[in-house]
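Structure file run_12.pdb; described as PDB, C-alpha atoms, pLDDT in the B column.
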ATOM      1  CA  GLY A   1     111.280  82.105 111.126  1.00 72.00           C
ATOM      2  CA  ASP A   2     109.072  83.586 108.449  1.00 81.00           C
ATOM      3  CA  SER A   3     110.528  86.657 106.790  1.00 90.00           C
ATOM      4  CA  VAL A   4     110.155  89.179 103.984  1.00 94.00           C
ATOM      5  CA  THR A   5     113.062  90.396 101.869  1.00 95.00           C
ATOM      6  CA  GLN A   6     112.983  93.464  99.654  1.00 95.00           C
ATOM      7  CA  MET A   7     115.471  94.852  97.201  1.00 87.00           C
ATOM      8  CA  GLU A   8     117.651  97.464  98.783  1.00 85.00           C
ATOM      9  CA  GLY A   9     117.236 101.120  98.029  1.00 85.00           C
ATOM     10  CA  PRO A  10     117.369 103.882  97.438  1.00 94.00           C
ATOM     11  CA  VAL A  11     115.900 103.596  93.976  1.00 96.00           C
ATOM     12  CA  THR A  12     116.122 106.763  91.901  1.00 97.00           C
ATOM     13  CA  LEU A  13     114.080 107.075  88.713  1.00 97.00           C
ATOM     14  CA  SER A  14     113.110 109.769  86.288  1.00 97.00           C
ATOM     15  CA  GLU A  15     109.457 110.693  85.934  1.00 97.00           C
ATOM     16  CA  GLU A  16     107.505 108.301  83.677  1.00 96.00           C
ATOM     17  CA  ALA A  17     110.060 105.507  84.117  1.00 97.00           C
ATOM     18  CA  PHE A  18     109.026 101.916  84.822  1.00 97.00           C
ATOM     19  CA  LEU A  19     109.269 100.780  88.431  1.00 97.00           C
ATOM     20  CA  THR A  20     109.915  97.344  89.863  1.00 97.00           C
ATOM     21  CA  ILE A  21     110.581  96.695  93.540  1.00 97.00           C
ATOM     22  CA  ASN A  22     111.332  93.061  94.270  1.00 97.00           C
ATOM     23  CA  CYS A  23     109.885  91.264  97.267  1.00 97.00           C
ATOM     24  CA  THR A  24     110.224  87.632  98.284  1.00 96.00           C
ATOM     25  CA  TYR A  25     108.922  85.868 101.334  1.00 94.00           C
ATOM     26  CA  THR A  26     109.463  82.687 103.262  1.00 90.00           C
ATOM     27  CA  ALA A  27     106.428  81.123 104.731  1.00 75.00           C
ATOM     28  CA  THR A  28     104.635  78.072 105.836  1.00 76.00           C
ATOM     29  CA  GLY A  29     101.281  77.927 104.172  1.00 78.00           C
ATOM     30  CA  TYR A  30      99.917  80.737 102.049  1.00 82.00           C
ATOM     31  CA  PRO A  31      99.975  84.076 103.798  1.00 88.00           C
ATOM     32  CA  SER A  32      98.218  87.208 102.650  1.00 90.00           C
ATOM     33  CA  LEU A  33     100.670  89.669 101.093  1.00 93.00           C
ATOM     34  CA  PHE A  34     100.667  93.450 101.201  1.00 95.00           C
ATOM     35  CA  TRP A  35     102.431  96.537  99.948  1.00 97.00           C
ATOM     36  CA  TYR A  36     102.377  99.571 102.221  1.00 96.00           C
ATOM     37  CA  VAL A  37     103.655 103.064 101.402  1.00 96.00           C
ATOM     38  CA  GLN A  38     105.067 105.575 103.862  1.00 94.00           C
ATOM     39  CA  TYR A  39     105.376 109.224 102.917  1.00 92.00           C
ATOM     40  CA  PRO A  40     107.843 111.381 104.871  1.00 86.00           C
ATOM     41  CA  GLY A  41     106.745 111.966 108.438  1.00 80.00           C
ATOM     42  CA  GLU A  42     103.610 109.869 108.097  1.00 84.00           C
ATOM     43  CA  GLY A  43     102.355 106.455 109.082  1.00 87.00           C
ATOM     44  CA  LEU A  44     101.892 103.538 106.709  1.00 92.00           C
ATOM     45  CA  GLN A  45      99.116 103.375 104.145  1.00 93.00           C
ATOM     46  CA  LEU A  46      97.975 100.176 102.501  1.00 93.00           C
ATOM     47  CA  LEU A  47      98.736 100.360  98.801  1.00 96.00           C
ATOM     48  CA  LEU A  48      97.494  96.949  97.667  1.00 96.00           C
ATOM     49  CA  LYS A  49      97.085  93.375  98.817  1.00 94.00           C
ATOM     50  CA  ALA A  50      96.599  89.810  97.593  1.00 94.00           C
ATOM     51  CA  THR A  51      95.185  87.005  99.677  1.00 90.00           C
ATOM     52  CA  LYS A  52      95.827  83.916  97.565  1.00 90.00           C
ATOM     53  CA  ALA A  53      98.111  82.560  94.873  1.00 91.00           C
ATOM     54  CA  ASP A  54      97.844  84.204  91.439  1.00 93.00           C
ATOM     55  CA  ASP A  55      95.821  87.113  92.845  1.00 94.00           C
ATOM     56  CA  LYS A  56      96.805  90.498  91.464  1.00 96.00           C
ATOM     57  CA  GLY A  57      96.496  93.495  93.729  1.00 95.00           C
ATOM     58  CA  SER A  58      96.290  96.923  92.097  1.00 96.00           C
ATOM     59  CA  ASN A  59      95.816 100.527  93.146  1.00 96.00           C
ATOM     60  CA  LYS A  60      96.825 103.958  91.824  1.00 95.00           C
ATOM     61  CA  GLY A  61      98.624 102.392  88.862  1.00 97.00           C
ATOM     62  CA  PHE A  62     100.651 100.017  91.048  1.00 98.00           C
ATOM     63  CA  GLU A  63     100.328  96.253  90.632  1.00 98.00           C
ATOM     64  CA  ALA A  64     101.695  93.146  92.313  1.00 98.00           C
ATOM     65  CA  THR A  65     100.958  89.474  91.631  1.00 96.00           C
ATOM     66  CA  TYR A  66     101.106  86.753  94.284  1.00 95.00           C
ATOM     67  CA  ARG A  67     103.501  84.152  92.838  1.00 95.00           C
ATOM     68  CA  LYS A  68     103.455  80.982  94.895  1.00 92.00           C
ATOM     69  CA  GLU A  69     106.006  79.163  92.765  1.00 92.00           C
ATOM     70  CA  THR A  70     108.644  81.850  93.265  1.00 93.00           C
ATOM     71  CA  THR A  71     107.360  83.084  96.677  1.00 94.00           C
ATOM     72  CA  SER A  72     107.396  86.605  95.299  1.00 95.00           C
ATOM     73  CA  PHE A  73     105.171  89.679  95.301  1.00 97.00           C
ATOM     74  CA  HIS A  74     107.022  92.234  93.191  1.00 97.00           C
ATOM     75  CA  LEU A  75     105.617  95.776  92.978  1.00 98.00           C
ATOM     76  CA  GLU A  76     105.386  97.389  89.538  1.00 98.00           C
ATOM     77  CA  LYS A  77     104.211 100.652  88.028  1.00 98.00           C
ATOM     78  CA  GLY A  78     104.384 101.523  84.386  1.00 97.00           C
ATOM     79  CA  SER A  79     105.015 105.260  84.726  1.00 96.00           C
ATOM     80  CA  VAL A  80     106.099 106.779  88.033  1.00 97.00           C
ATOM     81  CA  GLN A  81     105.412 110.345  89.105  1.00 97.00           C
ATOM     82  CA  VAL A  82     107.295 112.658  91.442  1.00 96.00           C
ATOM     83  CA  SER A  83     104.447 112.230  93.915  1.00 95.00           C
ATOM     84  CA  ASP A  84     105.273 108.496  94.155  1.00 97.00           C
ATOM     85  CA  SER A  85     108.464 109.328  96.049  1.00 96.00           C
ATOM     86  CA  ALA A  86     108.154 107.463  99.347  1.00 96.00           C
ATOM     87  CA  VAL A  87     109.297 104.338 101.176  1.00 96.00           C
ATOM     88  CA  TYR A  88     107.578 101.118 100.121  1.00 97.00           C
ATOM     89  CA  PHE A  89     107.203  98.132 102.435  1.00 97.00           C
ATOM     90  CA  CYS A  90     106.316  94.600 101.470  1.00 97.00           C
ATOM     91  CA  ALA A  91     104.620  92.601 104.211  1.00 95.00           C
ATOM     92  CA  ARG A  92     103.046  89.236 104.901  1.00 93.00           C
ATOM     93  CA  ASN A  93     100.495  88.258 107.454  1.00 88.00           C
ATOM     94  CA  GLN A  94     101.371  85.861 110.236  1.00 83.00           C
ATOM     95  CA  GLY A  95      98.615  85.031 112.673  1.00 77.00           C
ATOM     96  CA  GLY A  96      97.088  88.476 112.354  1.00 79.00           C
ATOM     97  CA  LYS A  97     100.302  90.466 112.765  1.00 87.00           C
ATOM     98  CA  LEU A  98     102.305  91.826 109.843  1.00 92.00           C
ATOM     99  CA  ILE A  99     105.902  90.871 109.077  1.00 93.00           C
ATOM    100  CA  PHE A 100     107.554  93.670 107.105  1.00 95.00           C
ATOM    101  CA  GLY A 101     110.517  93.863 104.806  1.00 95.00           C
ATOM    102  CA  GLN A 102     113.123  96.517 105.475  1.00 94.00           C
ATOM    103  CA  GLY A 103     111.591  99.011 103.077  1.00 95.00           C
ATOM    104  CA  THR A 104     112.726 100.432  99.738  1.00 96.00           C
ATOM    105  CA  GLU A 105     113.071 104.169  99.329  1.00 96.00           C
ATOM    106  CA  LEU A 106     111.937 105.485  95.953  1.00 97.00           C
ATOM    107  CA  SER A 107     112.948 108.899  94.696  1.00 96.00           C
ATOM    108  CA  VAL A 108     111.422 110.140  91.439  1.00 97.00           C
ATOM    109  CA  LYS A 109     113.094 113.085  89.754  1.00 96.00           C
ATOM    110  CA  PRO A 110     111.246 115.430  87.364  1.00 95.00           C
TER     111      PRO A 110
ATOM    112  CA  GLU B   1      87.134 109.242 107.052  1.00 66.00           C
ATOM    113  CA  ALA B   2      87.929 107.404 110.303  1.00 79.00           C
ATOM    114  CA  GLU B   3      91.563 107.448 111.336  1.00 91.00           C
ATOM    115  CA  VAL B   4      93.803 106.035 114.019  1.00 95.00           C
ATOM    116  CA  ALA B   5      94.878 108.829 116.342  1.00 96.00           C
ATOM    117  CA  GLN B   6      98.192 108.920 118.167  1.00 97.00           C
ATOM    118  CA  SER B   7      99.775 111.385 120.539  1.00 97.00           C
ATOM    119  CA  PRO B   8     102.185 112.933 120.947  1.00 97.00           C
ATOM    120  CA  ARG B   9     103.571 113.083 117.403  1.00 95.00           C
ATOM    121  CA  TYR B  10     107.069 113.796 118.695  1.00 96.00           C
ATOM    122  CA  LYS B  11     108.707 113.154 122.051  1.00 97.00           C
ATOM    123  CA  ILE B  12     112.218 113.970 123.193  1.00 97.00           C
ATOM    124  CA  THR B  13     113.338 112.588 126.514  1.00 97.00           C
ATOM    125  CA  GLU B  14     116.489 111.842 128.422  1.00 96.00           C
ATOM    126  CA  LYS B  15     117.553 108.299 129.138  1.00 95.00           C
ATOM    127  CA  SER B  16     116.197 106.806 132.353  1.00 96.00           C
ATOM    128  CA  GLN B  17     113.049 108.931 132.117  1.00 97.00           C
ATOM    129  CA  ALA B  18     109.562 107.497 131.653  1.00 97.00           C
ATOM    130  CA  VAL B  19     107.542 108.098 128.475  1.00 98.00           C
ATOM    131  CA  ALA B  20     104.016 107.189 127.450  1.00 98.00           C
ATOM    132  CA  PHE B  21     102.293 107.072 124.098  1.00 98.00           C
ATOM    133  CA  TRP B  22      98.571 107.046 123.444  1.00 98.00           C
ATOM    134  CA  CYS B  23      96.550 105.496 120.632  1.00 98.00           C
ATOM    135  CA  ASP B  24      92.870 105.740 119.777  1.00 97.00           C
ATOM    136  CA  PRO B  25      91.907 103.161 117.131  1.00 96.00           C
ATOM    137  CA  ILE B  26      89.168 103.457 114.556  1.00 93.00           C
ATOM    138  CA  SER B  27      85.812 103.175 116.267  1.00 91.00           C
ATOM    139  CA  GLY B  28      84.638  99.577 116.431  1.00 89.00           C
ATOM    140  CA  HIS B  29      88.011  98.018 115.680  1.00 91.00           C
ATOM    141  CA  ALA B  30      88.585  95.159 118.093  1.00 90.00           C
ATOM    142  CA  THR B  31      92.244  94.512 117.289  1.00 92.00           C
ATOM    143  CA  LEU B  32      94.953  97.003 118.160  1.00 95.00           C
ATOM    144  CA  TYR B  33      98.674  96.734 117.420  1.00 96.00           C
ATOM    145  CA  TRP B  34     101.764  98.591 118.576  1.00 97.00           C
ATOM    146  CA  TYR B  35     104.756  98.423 116.219  1.00 97.00           C
ATOM    147  CA  ARG B  36     108.251  99.855 116.601  1.00 97.00           C
ATOM    148  CA  GLN B  37     110.035 101.141 113.512  1.00 94.00           C
ATOM    149  CA  ILE B  38     113.755 101.799 113.842  1.00 94.00           C
ATOM    150  CA  LEU B  39     115.107 104.253 111.260  1.00 90.00           C
ATOM    151  CA  GLY B  40     115.771 102.507 107.969  1.00 88.00           C
ATOM    152  CA  GLN B  41     113.928  99.333 108.915  1.00 91.00           C
ATOM    153  CA  GLY B  42     110.437  97.940 108.651  1.00 93.00           C
ATOM    154  CA  PRO B  43     108.044  98.024 111.600  1.00 95.00           C
ATOM    155  CA  GLU B  44     108.166  95.159 114.097  1.00 95.00           C
ATOM    156  CA  LEU B  45     105.265  94.137 116.288  1.00 96.00           C
ATOM    157  CA  LEU B  46     105.587  94.892 119.985  1.00 97.00           C
ATOM    158  CA  VAL B  47     102.113  93.918 121.194  1.00 97.00           C
ATOM    159  CA  GLN B  48      98.733  92.910 119.796  1.00 95.00           C
ATOM    160  CA  PHE B  49      95.418  93.308 121.637  1.00 95.00           C
ATOM    161  CA  GLN B  50      92.112  91.660 120.889  1.00 92.00           C
ATOM    162  CA  ASP B  51      89.641  93.856 122.751  1.00 93.00           C
ATOM    163  CA  GLU B  52      91.273  94.295 126.162  1.00 93.00           C
ATOM    164  CA  SER B  53      93.304  91.073 126.060  1.00 94.00           C
ATOM    165  CA  VAL B  54      96.901  90.706 124.975  1.00 95.00           C
ATOM    166  CA  VAL B  55      97.180  88.253 122.072  1.00 92.00           C
ATOM    167  CA  ASP B  56     100.903  88.556 121.367  1.00 93.00           C
ATOM    168  CA  ASP B  57     103.550  90.377 123.370  1.00 95.00           C
ATOM    169  CA  SER B  58     106.430  88.043 122.619  1.00 93.00           C
ATOM    170  CA  GLN B  59     108.631  90.866 121.274  1.00 93.00           C
ATOM    171  CA  LEU B  60     107.803  93.381 123.992  1.00 96.00           C
ATOM    172  CA  PRO B  61     110.797  94.043 126.304  1.00 94.00           C
ATOM    173  CA  LYS B  62     108.784  93.512 129.435  1.00 93.00           C
ATOM    174  CA  ASP B  63     111.469  94.705 131.815  1.00 95.00           C
ATOM    175  CA  ARG B  64     110.893  98.274 130.627  1.00 97.00           C
ATOM    176  CA  PHE B  65     107.868  98.302 128.309  1.00 97.00           C
ATOM    177  CA  SER B  66     104.235  97.940 129.277  1.00 97.00           C
ATOM    178  CA  ALA B  67     101.020  98.261 127.315  1.00 97.00           C
ATOM    179  CA  GLU B  68      97.406  98.366 128.330  1.00 96.00           C
ATOM    180  CA  ARG B  69      93.990  98.633 126.750  1.00 96.00           C
ATOM    181  CA  LEU B  70      91.801  98.657 129.815  1.00 86.00           C
ATOM    182  CA  LYS B  71      88.375  99.167 128.246  1.00 89.00           C
ATOM    183  CA  GLY B  72      89.179  97.600 124.919  1.00 87.00           C
ATOM    184  CA  VAL B  73      89.208 100.939 123.152  1.00 93.00           C
ATOM    185  CA  ASP B  74      92.215 103.253 123.419  1.00 96.00           C
ATOM    186  CA  SER B  75      95.639 102.070 124.472  1.00 98.00           C
ATOM    187  CA  THR B  76      98.775 103.332 126.190  1.00 98.00           C
ATOM    188  CA  LEU B  77     102.341 102.143 125.632  1.00 98.00           C
ATOM    189  CA  LYS B  78     104.837 103.040 128.339  1.00 98.00           C
ATOM    190  CA  ILE B  79     108.611 102.851 128.540  1.00 97.00           C
ATOM    191  CA  GLN B  80     110.334 103.130 131.900  1.00 97.00           C
ATOM    192  CA  PRO B  81     113.205 103.774 131.967  1.00 96.00           C
ATOM    193  CA  ALA B  82     113.921 104.879 128.422  1.00 97.00           C
ATOM    194  CA  GLU B  83     117.236 103.870 126.875  1.00 96.00           C
ATOM    195  CA  LEU B  84     119.136 105.352 123.938  1.00 96.00           C
ATOM    196  CA  GLY B  85     118.256 102.326 121.802  1.00 95.00           C
ATOM    197  CA  ASP B  86     114.546 103.044 122.201  1.00 97.00           C
ATOM    198  CA  SER B  87     114.782 105.960 119.773  1.00 97.00           C
ATOM    199  CA  ALA B  88     112.368 104.982 117.002  1.00 96.00           C
ATOM    200  CA  MET B  89     108.938 105.589 115.507  1.00 95.00           C
ATOM    201  CA  TYR B  90     106.157 103.924 117.466  1.00 97.00           C
ATOM    202  CA  LEU B  91     103.200 103.072 115.257  1.00 96.00           C
ATOM    203  CA  CYS B  92      99.732 102.087 116.325  1.00 97.00           C
ATOM    204  CA  ALA B  93      97.399 100.194 114.010  1.00 96.00           C
ATOM    205  CA  SER B  94      93.911  98.772 114.269  1.00 94.00           C
ATOM    206  CA  SER B  95      91.795  96.323 112.359  1.00 91.00           C
ATOM    207  CA  GLY B  96      88.188  95.243 112.497  1.00 82.00           C
ATOM    208  CA  MET B  97      86.540  92.051 113.581  1.00 61.00           C
ATOM    209  CA  ASP B  98      88.912  89.323 114.632  1.00 53.00           C
ATOM    210  CA  GLY B  99      92.174  90.601 113.237  1.00 48.00           C
ATOM    211  CA  SER B 100      92.338  87.825 110.700  1.00 52.00           C
ATOM    212  CA  SER B 101      94.653  87.967 107.753  1.00 49.00           C
ATOM    213  CA  TYR B 102      91.893  89.376 105.570  1.00 56.00           C
ATOM    214  CA  ASN B 103      91.360  92.488 107.635  1.00 70.00           C
ATOM    215  CA  GLU B 104      93.355  95.530 106.653  1.00 82.00           C
ATOM    216  CA  GLN B 105      95.423  97.161 109.351  1.00 90.00           C
ATOM    217  CA  PHE B 106      95.031 100.928 109.475  1.00 91.00           C
ATOM    218  CA  PHE B 107      98.019 102.828 110.809  1.00 94.00           C
ATOM    219  CA  GLY B 108      98.195 106.038 112.762  1.00 95.00           C
ATOM    220  CA  PRO B 109     100.766 108.776 112.038  1.00 94.00           C
ATOM    221  CA  GLY B 110     103.146 107.448 114.692  1.00 95.00           C
ATOM    222  CA  THR B 111     105.065 108.917 117.608  1.00 96.00           C
ATOM    223  CA  ARG B 112     108.709 109.674 116.932  1.00 95.00           C
ATOM    224  CA  LEU B 113     110.723 109.154 120.114  1.00 97.00           C
ATOM    225  CA  THR B 114     114.215 110.542 120.566  1.00 97.00           C
ATOM    226  CA  VAL B 115     116.134 109.503 123.669  1.00 97.00           C
ATOM    227  CA  LEU B 116     119.108 111.705 124.560  1.00 96.00           C
TER     228      LEU B 116
END

The structure given in the file should be rewritten as structure tokens.
Amino acid sequence: GDSVTQMEGPVTLSEEAFLTINCTYTATGYPSLFWYVQYPGEGLQLLLKATKADDKGSNKGFEATYRKETTSFHLEKGSVQVSDSAVYFCARNQGGKLIFGQGTELSVKP
Amino acid sequence: EAEVAQSPRYKITEKSQAVAFWCDPISGHATLYWYRQILGQGPELLVQFQDESVVDDSQLPKDRFSAERLKGVDSTLKIQPAELGDSAMYLCASSGMDGSSYNEQFFGPGTRLTVL
């Protein structure tokens, strides 16, 4: 079936480092793609999304580009902050429901 | 800002007991979802409602889980009897209109269930 695969964590970075979290998907057709963030003890918040090929989603310094040719939606940020420490989930839409990756924990050290 | 409300936030129960979780979606949102998130994994859909009708409950363990949304507004998810493997975070989400792929899903804070 359709699935989403993320790079395994935890990822530990120093403040101001460059972040990449890889995400690939399998799909029939062209699903909408999402990145959600989950802070400790909280629910999921939508970080950004892209609904068609070559779209770039961006928010709070994070970016991800919908790459149809590589079925990827990698999350990037040029300079991470301690406050970015959280678990990040890549997801795709399937008939209205979301299919999530397993999550990547990010820890940013000062 | 409108939010999805869930209660309780935490629930500890013994196996074989019954538990119930409540969700109040954002006002006007027709589509409501219940997801289960096992520690260290991504959420997985248990059931999706469009108004008061079930759209997808293919992953709901129907021998012990039930969900209802009687008036098409708030919803209850019940487990009876609870098993040790049910320990997880139960997340409720809602989206507007017809729940199409373009509508953002808004998540509540979740209910963390621990079964002893």

Would you compute the distance between atom CA of Gln59 of chain B and atom CA of Leu32 of chain B? Give it in Å to one decimal. 15.3 Å

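Among the candidate residues A:Leu44, A:Ile21, A:Leu106, A:Leu75, the one lying nearest to chain B is A:Leu44, with distances computed using only C-alpha atoms.
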
Do you know which residues are at most 10 Å from Glu68 of chain B counting all atoms listed in the file, after dropping those on the same chain fewer than 4 positions away, and could you put them as a tab-separated table (two decimals) with C-alpha atoms, keeping the file's coordinate frame?
chain	number	residue	atom	x	y	z
B	47	VAL	CA	102.11	93.92	121.19
B	49	PHE	CA	95.42	93.31	121.64
B	52	GLU	CA	91.27	94.30	126.16
B	53	SER	CA	93.30	91.07	126.06
B	54	VAL	CA	96.90	90.71	124.98
B	72	GLY	CA	89.18	97.60	124.92
B	74	ASP	CA	92.22	103.25	123.42
B	75	SER	CA	95.64	102.07	124.47
B	76	THR	CA	98.78	103.33	126.19
B	77	LEU	CA	102.34	102.14	125.63
B	78	LYS	CA	104.84	103.04	128.34

Could you list the residues in chain A lying within 8 Å of chain B, using all atoms listed in the file, and format the result as a list in words? Pro31, Ser32, Gly41, Glu42, Gly43, Leu44, Gln45, Leu46, Thr51, Phe89, Asn93, Gln94, Gly95, Gly96, Lys97, Leu98, Ile99, Phe100, Gly101, Gln102 and Gly103 of chain A

Go through B:Leu116, B:Ala88, B:Ala18, B:Ala5 one by one, measure the shortest atom-to-atom distance of each to Phe65 of chain B using only C-alpha atoms, and give the residue with the smallest value. B:Ala18

With the PyMOL selection byres ((chain B and resi 82-85) around 12) as the selection, what would be picked from this file? Answer as a VMD selection string, please. chain B and resid 11 to 20 36 to 39 61 63 to 66 78 to 81 86 to 89 113 to 116

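You will find atom CA of Ser3 of chain A at 18.2 Å from atom CA of Ala64 of chain A.
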
Can you take the partial segment 23-32 of chain A, add all heavy atoms, and return it as a short mmCIF file (atom, residue, chain, number, x, y, z; two decimals), in the frame of the given file?
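For reference, selection_31.cif as written:
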data_model
loop_
_atom_site.label_atom_id
_atom_site.label_comp_id
_atom_site.auth_asym_id
_atom_site.auth_seq_id
_atom_site.Cartn_x
_atom_site.Cartn_y
_atom_site.Cartn_z
N CYS A 23 110.22 91.74 95.92
CA CYS A 23 109.88 91.26 97.27
C CYS A 23 109.73 89.75 97.23
O CYS A 23 109.01 89.22 96.37
CB CYS A 23 108.60 91.91 97.75
SG CYS A 23 107.95 91.20 99.29
N THR A 24 110.41 89.06 98.13
CA THR A 24 110.22 87.63 98.28
C THR A 24 109.94 87.33 99.74
O THR A 24 110.31 88.11 100.64
CB THR A 24 111.46 86.83 97.83
OG1 THR A 24 112.60 87.26 98.58
CG2 THR A 24 111.74 87.02 96.36
N TYR A 25 109.30 86.22 99.97
CA TYR A 25 108.92 85.87 101.33
C TYR A 25 109.20 84.40 101.59
O TYR A 25 109.28 83.60 100.65
CB TYR A 25 107.43 86.17 101.58
CG TYR A 25 106.50 85.33 100.73
CD1 TYR A 25 105.98 84.13 101.21
CD2 TYR A 25 106.16 85.72 99.44
CE1 TYR A 25 105.14 83.35 100.42
CE2 TYR A 25 105.34 84.95 98.64
CZ TYR A 25 104.83 83.76 99.14
OH TYR A 25 104.02 82.99 98.36
N THR A 26 109.41 84.08 102.83
CA THR A 26 109.46 82.69 103.26
C THR A 26 108.24 82.46 104.12
O THR A 26 107.80 83.35 104.86
CB THR A 26 110.72 82.38 104.09
OG1 THR A 26 110.72 83.21 105.25
CG2 THR A 26 111.97 82.66 103.28
N ALA A 27 107.67 81.34 103.99
CA ALA A 27 106.43 81.12 104.73
C ALA A 27 106.07 79.65 104.78
O ALA A 27 106.41 78.89 103.89
CB ALA A 27 105.29 81.89 104.08
N THR A 28 105.36 79.32 105.82
CA THR A 28 104.64 78.07 105.84
C THR A 28 103.20 78.41 105.46
O THR A 28 102.65 79.41 105.92
CB THR A 28 104.68 77.44 107.23
OG1 THR A 28 104.25 78.41 108.19
CG2 THR A 28 106.09 77.01 107.58
N GLY A 29 102.63 77.63 104.60
CA GLY A 29 101.28 77.93 104.17
C GLY A 29 101.25 79.05 103.15
O GLY A 29 102.24 79.32 102.47
N TYR A 30 100.11 79.70 103.06
CA TYR A 30 99.92 80.74 102.05
C TYR A 30 99.42 82.01 102.72
O TYR A 30 98.22 82.23 102.86
CB TYR A 30 98.92 80.23 101.01
CG TYR A 30 99.36 78.93 100.39
CD1 TYR A 30 98.75 77.72 100.74
CD2 TYR A 30 100.42 78.89 99.50
CE1 TYR A 30 99.18 76.53 100.20
CE2 TYR A 30 100.86 77.70 98.95
CZ TYR A 30 100.24 76.52 99.31
OH TYR A 30 100.66 75.34 98.78
N PRO A 31 100.37 82.85 103.09
CA PRO A 31 99.98 84.08 103.80
C PRO A 31 99.33 85.09 102.86
O PRO A 31 99.51 85.02 101.64
CB PRO A 31 101.31 84.61 104.31
CG PRO A 31 102.31 84.13 103.29
CD PRO A 31 101.82 82.76 102.88
N SER A 32 98.62 86.04 103.41
CA SER A 32 98.22 87.21 102.65
C SER A 32 99.44 88.12 102.50
O SER A 32 100.29 88.19 103.39
CB SER A 32 97.10 87.95 103.37
OG SER A 32 95.93 87.17 103.44
#
